[in-house]
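Undergrad: Before we start, here is the structure in question, set down as structure tokens.
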Amino acid sequence: MILTGLVVLAFALAIAASVLHDGLSAKATPTRMEAFVARNARHLAIPGKARAAQNPVLDSPEEQREARTHFADHCTICHGNDGSGDTLIGNGLYPKPPDLRLSATQDLSDGELFWIIENGVRFTGMPAFSGNGDHMTSGNHGNGQDSWKLVHFIRHLPHLTAAERLEMERFNPKGPEDRAEEQEEDQFLNEATPKARPESQTQRRK
């Protein structure tokens, strides 16, 4: 309890120092002290049982593809297809999304990654994706299985191929401009494709 109290106090002091130095702007970059305190506070916040949890989902090409398309649709707006966090939304958050390919994320246990996906992280842009109260259940769709698959994909991010990134782009969320461009392309292709003549007209000409 004393250690937790000291961490909370240090975190409060780091936040106070940041606010005094940078105001409330989200453009600022957290200081090393803030990052250090935040990482340790997150570690203490994750229950020991959760940190020790093993991934119950077997890794396979099929599971990787499902997780890859799920990540592309749900996570890339902040994290990017490559997990770098270098996106329009990501760069506007405080703190910025971590580069998921680096050791700060890759060194976390599977259980820690799962817990973060399911529960989110307060005071950041990371939302909670769990829809139920038992975050440690697994084996059924909707009971953590998707999050466990994402853990496998996060492990794969440092080795993501160009072909995989290209595939992910097809599943990225599309804005109004992207949808309008697709509609124009479809309309152009439909108009350029010659329409088949009715069979009756063909027979008459013969």
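Each chain in the structure tokens gets a letter, A, B, ..., in the order shown, and its residues are numbered from 1; ligands are numbered from 1 in order too.
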Based on the backbone DSSP call, show me all residues of stretch 41-90 of chain A assigned alpha helix (DSSP H), as a short mmCIF file (atom, residue, chain, number, x, y, z; two decimals) with all heavy atoms, in the first residue's frame.
TA:
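Final output, saved to states17.cif:
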```cif
data_model
loop_
_atom_site.label_atom_id
_atom_site.label_comp_id
_atom_site.auth_asym_id
_atom_site.auth_seq_id
_atom_site.Cartn_x
_atom_site.Cartn_y
_atom_site.Cartn_z
N ALA A 41 2.61 2.50 -12.87
CA ALA A 41 1.24 2.54 -12.37
C ALA A 41 0.38 1.52 -13.12
O ALA A 41 -0.45 0.82 -12.52
CB ALA A 41 0.66 3.94 -12.52
N ARG A 42 0.58 1.41 -14.43
CA ARG A 42 -0.16 0.43 -15.22
C ARG A 42 0.18 -0.99 -14.77
O ARG A 42 -0.70 -1.85 -14.64
CB ARG A 42 0.17 0.59 -16.70
CG ARG A 42 -0.60 -0.35 -17.63
CD ARG A 42 -0.06 -0.29 -19.03
NE ARG A 42 1.33 -0.73 -19.08
CZ ARG A 42 2.14 -0.57 -20.14
NH1 ARG A 42 1.69 0.05 -21.21
NH2 ARG A 42 3.38 -1.00 -20.11
N HIS A 43 1.47 -1.23 -14.51
CA HIS A 43 1.89 -2.56 -14.06
C HIS A 43 1.23 -2.93 -12.74
O HIS A 43 0.75 -4.06 -12.57
CB HIS A 43 3.42 -2.59 -13.91
CG HIS A 43 3.94 -3.91 -13.43
ND1 HIS A 43 4.06 -5.01 -14.25
CD2 HIS A 43 4.36 -4.32 -12.19
CE1 HIS A 43 4.53 -6.03 -13.56
NE2 HIS A 43 4.72 -5.64 -12.31
N LEU A 44 1.17 -1.98 -11.82
CA LEU A 44 0.55 -2.24 -10.53
C LEU A 44 -0.97 -2.42 -10.66
O LEU A 44 -1.59 -3.13 -9.86
CB LEU A 44 0.85 -1.10 -9.55
CG LEU A 44 2.30 -0.99 -9.07
CD1 LEU A 44 2.48 0.28 -8.26
CD2 LEU A 44 2.70 -2.21 -8.25
N ALA A 45 -1.56 -1.78 -11.67
CA ALA A 45 -3.01 -1.84 -11.84
C ALA A 45 -3.48 -3.16 -12.41
O ALA A 45 -4.64 -3.55 -12.24
CB ALA A 45 -3.48 -0.69 -12.72
N GLY A 48 -2.17 -9.64 -10.71
CA GLY A 48 -1.14 -10.65 -10.95
C GLY A 48 -1.66 -11.85 -11.71
O GLY A 48 -0.97 -12.42 -12.56
N LYS A 49 -2.92 -12.25 -11.45
CA LYS A 49 -3.51 -13.38 -12.18
C LYS A 49 -3.63 -13.07 -13.65
O LYS A 49 -3.42 -13.94 -14.50
CB LYS A 49 -4.89 -13.69 -11.59
CG LYS A 49 -5.57 -14.88 -12.24
CD LYS A 49 -6.95 -15.11 -11.62
CE LYS A 49 -7.67 -16.26 -12.33
NZ LYS A 49 -9.02 -16.49 -11.77
N ALA A 50 -3.95 -11.82 -13.96
CA ALA A 50 -4.07 -11.42 -15.37
C ALA A 50 -2.71 -11.42 -16.05
O ALA A 50 -2.58 -11.85 -17.20
CB ALA A 50 -4.71 -10.04 -15.46
N ARG A 51 -1.68 -10.93 -15.36
CA ARG A 51 -0.35 -10.89 -15.97
C ARG A 51 0.17 -12.28 -16.28
O ARG A 51 0.90 -12.49 -17.25
CB ARG A 51 0.63 -10.17 -15.02
CG ARG A 51 0.41 -8.69 -14.90
CD ARG A 51 1.64 -7.99 -14.34
NE ARG A 51 1.94 -8.42 -12.98
CZ ARG A 51 1.47 -7.84 -11.88
NH1 ARG A 51 0.67 -6.79 -11.99
NH2 ARG A 51 1.79 -8.29 -10.69
N PRO A 61 -1.95 -19.53 -39.30
CA PRO A 61 -2.16 -18.56 -40.38
C PRO A 61 -3.61 -18.07 -40.43
O PRO A 61 -3.85 -16.88 -40.71
CB PRO A 61 -1.79 -19.35 -41.64
CG PRO A 61 -0.83 -20.38 -41.17
CD PRO A 61 -1.29 -20.76 -39.79
N GLU A 62 -4.57 -18.95 -40.18
CA GLU A 62 -5.97 -18.55 -40.20
C GLU A 62 -6.28 -17.56 -39.09
O GLU A 62 -6.96 -16.54 -39.31
CB GLU A 62 -6.88 -19.78 -40.07
CG GLU A 62 -6.82 -20.74 -41.25
CD GLU A 62 -5.57 -21.62 -41.23
OE1 GLU A 62 -4.92 -21.69 -40.15
OE2 GLU A 62 -5.23 -22.19 -42.28
N GLU A 63 -5.79 -17.85 -37.87
CA GLU A 63 -6.03 -16.95 -36.75
C GLU A 63 -5.31 -15.62 -36.95
O GLU A 63 -5.83 -14.56 -36.61
CB GLU A 63 -5.58 -17.60 -35.44
CG GLU A 63 -6.24 -18.92 -35.11
CD GLU A 63 -7.72 -18.78 -34.80
OE1 GLU A 63 -8.23 -17.65 -34.81
OE2 GLU A 63 -8.37 -19.80 -34.57
N GLN A 64 -4.12 -15.68 -37.53
CA GLN A 64 -3.36 -14.45 -37.80
C GLN A 64 -4.11 -13.56 -38.79
O GLN A 64 -4.19 -12.34 -38.61
CB GLN A 64 -1.97 -14.79 -38.35
CG GLN A 64 -0.95 -15.15 -37.30
CD GLN A 64 -0.43 -13.93 -36.56
OE1 GLN A 64 -0.55 -12.79 -37.01
NE2 GLN A 64 0.17 -14.15 -35.39
N ARG A 65 -4.68 -14.17 -39.84
CA ARG A 65 -5.39 -13.37 -40.83
C ARG A 65 -6.64 -12.75 -40.22
O ARG A 65 -6.96 -11.58 -40.47
CB ARG A 65 -5.77 -14.22 -42.05
CG ARG A 65 -6.41 -13.38 -43.15
CD ARG A 65 -6.82 -14.18 -44.37
NE ARG A 65 -7.29 -13.27 -45.42
CZ ARG A 65 -8.49 -12.72 -45.45
NH1 ARG A 65 -9.36 -13.00 -44.48
NH2 ARG A 65 -8.84 -11.89 -46.42
N GLU A 66 -7.35 -13.52 -39.41
CA GLU A 66 -8.55 -12.97 -38.77
C GLU A 66 -8.19 -11.81 -37.85
O GLU A 66 -8.87 -10.77 -37.84
CB GLU A 66 -9.26 -14.08 -37.98
CG GLU A 66 -10.59 -13.63 -37.40
CD GLU A 66 -11.33 -14.76 -36.72
OE1 GLU A 66 -11.09 -15.94 -37.09
OE2 GLU A 66 -12.15 -14.48 -35.82
N ALA A 67 -7.12 -11.98 -37.09
CA ALA A 67 -6.68 -10.91 -36.19
C ALA A 67 -6.17 -9.71 -36.97
O ALA A 67 -6.40 -8.55 -36.58
CB ALA A 67 -5.59 -11.43 -35.25
N ARG A 68 -5.51 -9.96 -38.09
CA ARG A 68 -4.95 -8.89 -38.92
C ARG A 68 -6.07 -8.01 -39.48
O ARG A 68 -5.98 -6.78 -39.45
CB ARG A 68 -4.12 -9.50 -40.04
CG ARG A 68 -3.34 -8.51 -40.86
CD ARG A 68 -2.27 -9.21 -41.68
NE ARG A 68 -2.78 -10.17 -42.62
CZ ARG A 68 -2.56 -11.48 -42.55
NH1 ARG A 68 -1.84 -11.97 -41.57
NH2 ARG A 68 -3.06 -12.30 -43.46
N THR A 69 -7.12 -8.63 -40.00
CA THR A 69 -8.23 -7.84 -40.55
C THR A 69 -9.01 -7.15 -39.43
O THR A 69 -9.50 -6.04 -39.62
CB THR A 69 -9.17 -8.75 -41.37
OG1 THR A 69 -9.64 -9.83 -40.55
CG2 THR A 69 -8.43 -9.33 -42.57
N HIS A 70 -9.10 -7.80 -38.27
CA HIS A 70 -9.78 -7.18 -37.13
C HIS A 70 -9.00 -5.94 -36.66
O HIS A 70 -9.59 -4.90 -36.39
CB HIS A 70 -9.87 -8.20 -35.98
CG HIS A 70 -10.62 -7.71 -34.79
ND1 HIS A 70 -11.98 -7.88 -34.66
CD2 HIS A 70 -10.22 -7.06 -33.67
CE1 HIS A 70 -12.38 -7.35 -33.51
NE2 HIS A 70 -11.33 -6.85 -32.90
N PHE A 71 -7.69 -6.07 -36.58
CA PHE A 71 -6.82 -4.95 -36.20
C PHE A 71 -6.97 -3.82 -37.22
O PHE A 71 -7.06 -2.64 -36.85
CB PHE A 71 -5.37 -5.42 -36.13
CG PHE A 71 -4.40 -4.40 -35.59
CD1 PHE A 71 -4.08 -4.37 -34.24
CD2 PHE A 71 -3.79 -3.49 -36.43
CE1 PHE A 71 -3.18 -3.44 -33.74
CE2 PHE A 71 -2.89 -2.55 -35.95
CZ PHE A 71 -2.58 -2.53 -34.59
N ALA A 72 -6.98 -4.17 -38.51
CA ALA A 72 -7.09 -3.16 -39.57
C ALA A 72 -8.38 -2.37 -39.46
O ALA A 72 -8.42 -1.17 -39.73
CB ALA A 72 -6.99 -3.84 -40.93
N ASP A 73 -9.45 -3.04 -39.04
CA ASP A 73 -10.75 -2.39 -38.98
C ASP A 73 -10.96 -1.61 -37.68
O ASP A 73 -11.62 -0.58 -37.68
CB ASP A 73 -11.85 -3.46 -39.12
CG ASP A 73 -13.24 -2.85 -39.14
OD1 ASP A 73 -13.44 -1.83 -39.83
OD2 ASP A 73 -14.14 -3.37 -38.47
N HIS A 74 -10.39 -2.09 -36.57
CA HIS A 74 -10.69 -1.51 -35.26
C HIS A 74 -9.56 -0.67 -34.67
O HIS A 74 -9.83 0.22 -33.86
CB HIS A 74 -11.02 -2.62 -34.26
CG HIS A 74 -12.32 -3.31 -34.52
ND1 HIS A 74 -12.47 -4.25 -35.51
CD2 HIS A 74 -13.53 -3.20 -33.91
CE1 HIS A 74 -13.73 -4.70 -35.50
NE2 HIS A 74 -14.38 -4.08 -34.55
N THR A 76 -6.35 0.50 -36.38
CA THR A 76 -5.37 1.25 -37.17
C THR A 76 -5.59 2.75 -37.15
O THR A 76 -4.67 3.50 -37.47
CB THR A 76 -5.37 0.77 -38.63
OG1 THR A 76 -6.71 0.86 -39.15
CG2 THR A 76 -4.89 -0.65 -38.73
N ILE A 77 -6.79 3.20 -36.80
CA ILE A 77 -7.03 4.65 -36.78
C ILE A 77 -6.08 5.34 -35.81
O ILE A 77 -5.68 6.48 -36.01
CB ILE A 77 -8.50 4.95 -36.42
CG1 ILE A 77 -8.81 6.43 -36.67
CG2 ILE A 77 -8.83 4.52 -35.00
CD1 ILE A 77 -10.27 6.77 -36.58
N CYS A 78 -5.68 4.63 -34.76
CA CYS A 78 -4.70 5.18 -33.80
C CYS A 78 -3.33 4.56 -33.95
O CYS A 78 -2.31 5.24 -33.83
CB CYS A 78 -5.20 4.98 -32.37
SG CYS A 78 -6.67 5.92 -31.93
N HIS A 79 -3.29 3.23 -34.18
CA HIS A 79 -2.02 2.51 -34.16
C HIS A 79 -1.36 2.37 -35.52
O HIS A 79 -0.17 2.07 -35.60
CB HIS A 79 -2.21 1.12 -33.54
CG HIS A 79 -2.52 1.14 -32.08
ND1 HIS A 79 -1.57 1.46 -31.13
CD2 HIS A 79 -3.67 0.90 -31.40
CE1 HIS A 79 -2.12 1.39 -29.92
NE2 HIS A 79 -3.40 1.07 -30.06
#
```
Undergrad: When distances are computed from only C-alpha atoms, which of A:Ile116, A:Ala163, A:Ala16, A:Leu108 shows the smallest separation from A:Ala128?
TA: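 Comparing A:Ile116, A:Ala163, A:Ala16, A:Leu108 against A:Ala128, the winner is A:Ile116.
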Undergrad: Excluding A:Asn91 and its own-chain neighbours fewer than 2 positions away, which residues fall within 12 Å of it when counting only C-alpha atoms? Please give them as a PyMOL selection string.
TA: chain A and resi 26-29+77-80+84-89+93-99+125
Undergrad: Okay, now the selection with all heavy atoms, as a compact mmCIF listing (two decimals), in the first residue's frame?
TA:
```txt
# COMPACT_ATOMS: atom_id res chain seq x y z
N ALA A 26 -2.67 18.73 -25.97
CA ALA A 26 -2.40 17.33 -26.30
C ALA A 26 -1.22 17.21 -27.26
O ALA A 26 -0.79 16.10 -27.58
CB ALA A 26 -3.63 16.69 -26.92
N LYS A 27 -0.69 18.34 -27.73
CA LYS A 27 0.44 18.31 -28.65
C LYS A 27 1.76 18.00 -27.95
O LYS A 27 2.73 17.61 -28.59
CB LYS A 27 0.56 19.64 -29.38
CG LYS A 27 -0.62 19.97 -30.29
CD LYS A 27 -0.42 21.31 -30.97
CE LYS A 27 -1.58 21.65 -31.90
NZ LYS A 27 -1.38 22.96 -32.56
N ALA A 28 1.78 18.21 -26.64
CA ALA A 28 3.02 18.01 -25.89
C ALA A 28 3.38 16.53 -25.84
O ALA A 28 2.55 15.65 -26.03
CB ALA A 28 2.86 18.57 -24.48
N THR A 29 4.65 16.28 -25.57
CA THR A 29 5.14 14.92 -25.38
C THR A 29 5.39 14.68 -23.90
O THR A 29 6.02 15.50 -23.24
CB THR A 29 6.46 14.71 -26.15
OG1 THR A 29 6.23 14.96 -27.54
CG2 THR A 29 6.98 13.30 -25.97
N ILE A 77 -6.79 3.20 -36.80
CA ILE A 77 -7.03 4.65 -36.78
C ILE A 77 -6.08 5.34 -35.81
O ILE A 77 -5.68 6.48 -36.01
CB ILE A 77 -8.50 4.95 -36.42
CG1 ILE A 77 -8.81 6.43 -36.67
CG2 ILE A 77 -8.83 4.52 -35.00
CD1 ILE A 77 -10.27 6.77 -36.58
N CYS A 78 -5.68 4.63 -34.76
CA CYS A 78 -4.70 5.18 -33.80
C CYS A 78 -3.33 4.56 -33.95
O CYS A 78 -2.31 5.24 -33.83
CB CYS A 78 -5.20 4.98 -32.37
SG CYS A 78 -6.67 5.92 -31.93
N HIS A 79 -3.29 3.23 -34.18
CA HIS A 79 -2.02 2.51 -34.16
C HIS A 79 -1.36 2.37 -35.52
O HIS A 79 -0.17 2.07 -35.60
CB HIS A 79 -2.21 1.12 -33.54
CG HIS A 79 -2.52 1.14 -32.08
ND1 HIS A 79 -1.57 1.46 -31.13
CD2 HIS A 79 -3.67 0.90 -31.40
CE1 HIS A 79 -2.12 1.39 -29.92
NE2 HIS A 79 -3.40 1.07 -30.06
N GLY A 80 -2.12 2.56 -36.62
CA GLY A 80 -1.56 2.36 -37.95
C GLY A 80 -1.49 0.88 -38.29
O GLY A 80 -1.47 0.02 -37.39
N SER A 84 2.92 1.36 -35.65
CA SER A 84 3.84 2.43 -35.25
C SER A 84 3.17 3.53 -34.43
O SER A 84 3.84 4.26 -33.70
CB SER A 84 4.49 3.05 -36.50
OG SER A 84 3.50 3.73 -37.27
N GLY A 85 1.86 3.69 -34.60
CA GLY A 85 1.16 4.79 -33.93
C GLY A 85 1.27 6.11 -34.66
O GLY A 85 0.76 7.13 -34.18
N ASP A 86 1.93 6.11 -35.81
CA ASP A 86 2.15 7.35 -36.57
C ASP A 86 0.95 7.58 -37.49
O ASP A 86 1.00 7.32 -38.70
CB ASP A 86 3.45 7.24 -37.37
CG ASP A 86 3.80 8.56 -38.07
OD1 ASP A 86 3.21 9.60 -37.70
OD2 ASP A 86 4.65 8.54 -38.97
N THR A 87 -0.16 8.05 -36.91
CA THR A 87 -1.38 8.33 -37.67
C THR A 87 -1.87 9.73 -37.29
O THR A 87 -1.41 10.32 -36.31
CB THR A 87 -2.48 7.31 -37.36
OG1 THR A 87 -2.92 7.49 -36.00
CG2 THR A 87 -1.98 5.88 -37.54
N LEU A 88 -2.83 10.23 -38.06
CA LEU A 88 -3.38 11.55 -37.79
C LEU A 88 -3.99 11.60 -36.39
O LEU A 88 -3.75 12.54 -35.62
CB LEU A 88 -4.44 11.91 -38.84
CG LEU A 88 -5.12 13.27 -38.67
CD1 LEU A 88 -4.11 14.39 -38.84
CD2 LEU A 88 -6.25 13.42 -39.69
N ILE A 89 -4.80 10.60 -36.04
CA ILE A 89 -5.42 10.55 -34.72
C ILE A 89 -4.38 10.25 -33.65
O ILE A 89 -4.35 10.90 -32.59
CB ILE A 89 -6.53 9.49 -34.68
CG1 ILE A 89 -7.62 9.82 -35.70
CG2 ILE A 89 -7.14 9.39 -33.28
CD1 ILE A 89 -8.33 11.13 -35.46
N LEU A 93 -3.08 12.50 -29.91
CA LEU A 93 -3.42 12.02 -28.58
C LEU A 93 -2.33 12.36 -27.57
O LEU A 93 -1.17 12.58 -27.93
CB LEU A 93 -3.64 10.50 -28.59
CG LEU A 93 -4.85 9.99 -29.37
CD1 LEU A 93 -4.85 8.46 -29.39
CD2 LEU A 93 -6.14 10.51 -28.75
N TYR A 94 -2.73 12.38 -26.30
CA TYR A 94 -1.75 12.57 -25.21
C TYR A 94 -2.06 11.55 -24.13
O TYR A 94 -3.14 11.57 -23.56
CB TYR A 94 -1.85 13.98 -24.63
CG TYR A 94 -0.78 14.25 -23.58
CD1 TYR A 94 0.45 14.80 -23.94
CD2 TYR A 94 -1.00 13.93 -22.24
CE1 TYR A 94 1.42 15.04 -22.99
CE2 TYR A 94 -0.01 14.17 -21.29
CZ TYR A 94 1.19 14.72 -21.67
OH TYR A 94 2.17 14.95 -20.72
N PRO A 95 -1.17 10.62 -23.86
CA PRO A 95 0.10 10.41 -24.57
C PRO A 95 -0.12 9.77 -25.94
O PRO A 95 -1.20 9.24 -26.21
CB PRO A 95 0.85 9.45 -23.63
CG PRO A 95 -0.25 8.67 -22.97
CD PRO A 95 -1.36 9.65 -22.77
N LYS A 96 0.90 9.82 -26.78
CA LYS A 96 0.80 9.22 -28.10
C LYS A 96 0.73 7.70 -27.96
O LYS A 96 1.26 7.13 -27.02
CB LYS A 96 2.03 9.60 -28.95
CG LYS A 96 2.35 11.09 -28.99
CD LYS A 96 1.25 11.87 -29.68
CE LYS A 96 1.61 13.35 -29.84
NZ LYS A 96 1.55 14.11 -28.59
N PRO A 97 0.08 7.02 -28.90
CA PRO A 97 0.06 5.55 -28.86
C PRO A 97 1.48 5.01 -28.94
O PRO A 97 2.31 5.55 -29.68
CB PRO A 97 -0.74 5.16 -30.11
CG PRO A 97 -1.53 6.37 -30.45
CD PRO A 97 -0.69 7.54 -30.05
N PRO A 98 1.78 3.95 -28.20
CA PRO A 98 3.14 3.39 -28.26
C PRO A 98 3.38 2.69 -29.59
O PRO A 98 2.43 2.25 -30.25
CB PRO A 98 3.14 2.38 -27.10
CG PRO A 98 1.71 1.95 -26.99
CD PRO A 98 0.90 3.19 -27.30
N ASP A 99 4.63 2.60 -29.97
CA ASP A 99 5.00 1.79 -31.13
C ASP A 99 4.93 0.34 -30.67
O ASP A 99 5.78 -0.12 -29.89
CB ASP A 99 6.40 2.15 -31.61
CG ASP A 99 6.75 1.49 -32.94
OD1 ASP A 99 6.24 0.39 -33.21
OD2 ASP A 99 7.55 2.07 -33.71
N GLY A 125 -5.91 7.39 -24.84
CA GLY A 125 -6.93 7.15 -25.85
C GLY A 125 -7.28 5.69 -26.02
O GLY A 125 -8.06 5.34 -26.90
```
Undergrad: Restricting the calculation to only C-alpha atoms, which member of A:Gly111, A:Gly175, A:Pro30, A:Pro158 is positioned closest to A:Pro56?
TA: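 Of A:Gly111, A:Gly175, A:Pro30, A:Pro158, the one nearest A:Pro56 is A:Gly111, counting only C-alpha atoms.
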Undergrad: Given only C-alpha atoms as the basis, pick out the residue of A:Asn119, A:Thr105, A:Thr31, A:Asn40 nearest to A:Leu3.
TA: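 Using only C-alpha atoms, the shortest distance to A:Leu3 belongs to A:Asn40.
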Undergrad: Give me the residues within 9 Å of A:Leu113 as a PyMOL selection string, counting only C-alpha atoms and dropping any in the same chain fewer than 6 places off.
TA: chain A and resi 51+105-106+147-148+150-151+154
Undergrad: Using only C-alpha atoms, can you tell me which of A:Met126, A:Leu160, A:Cys75, A:Gly83 comes closest to A:Asn172?
TA: A:Cys75
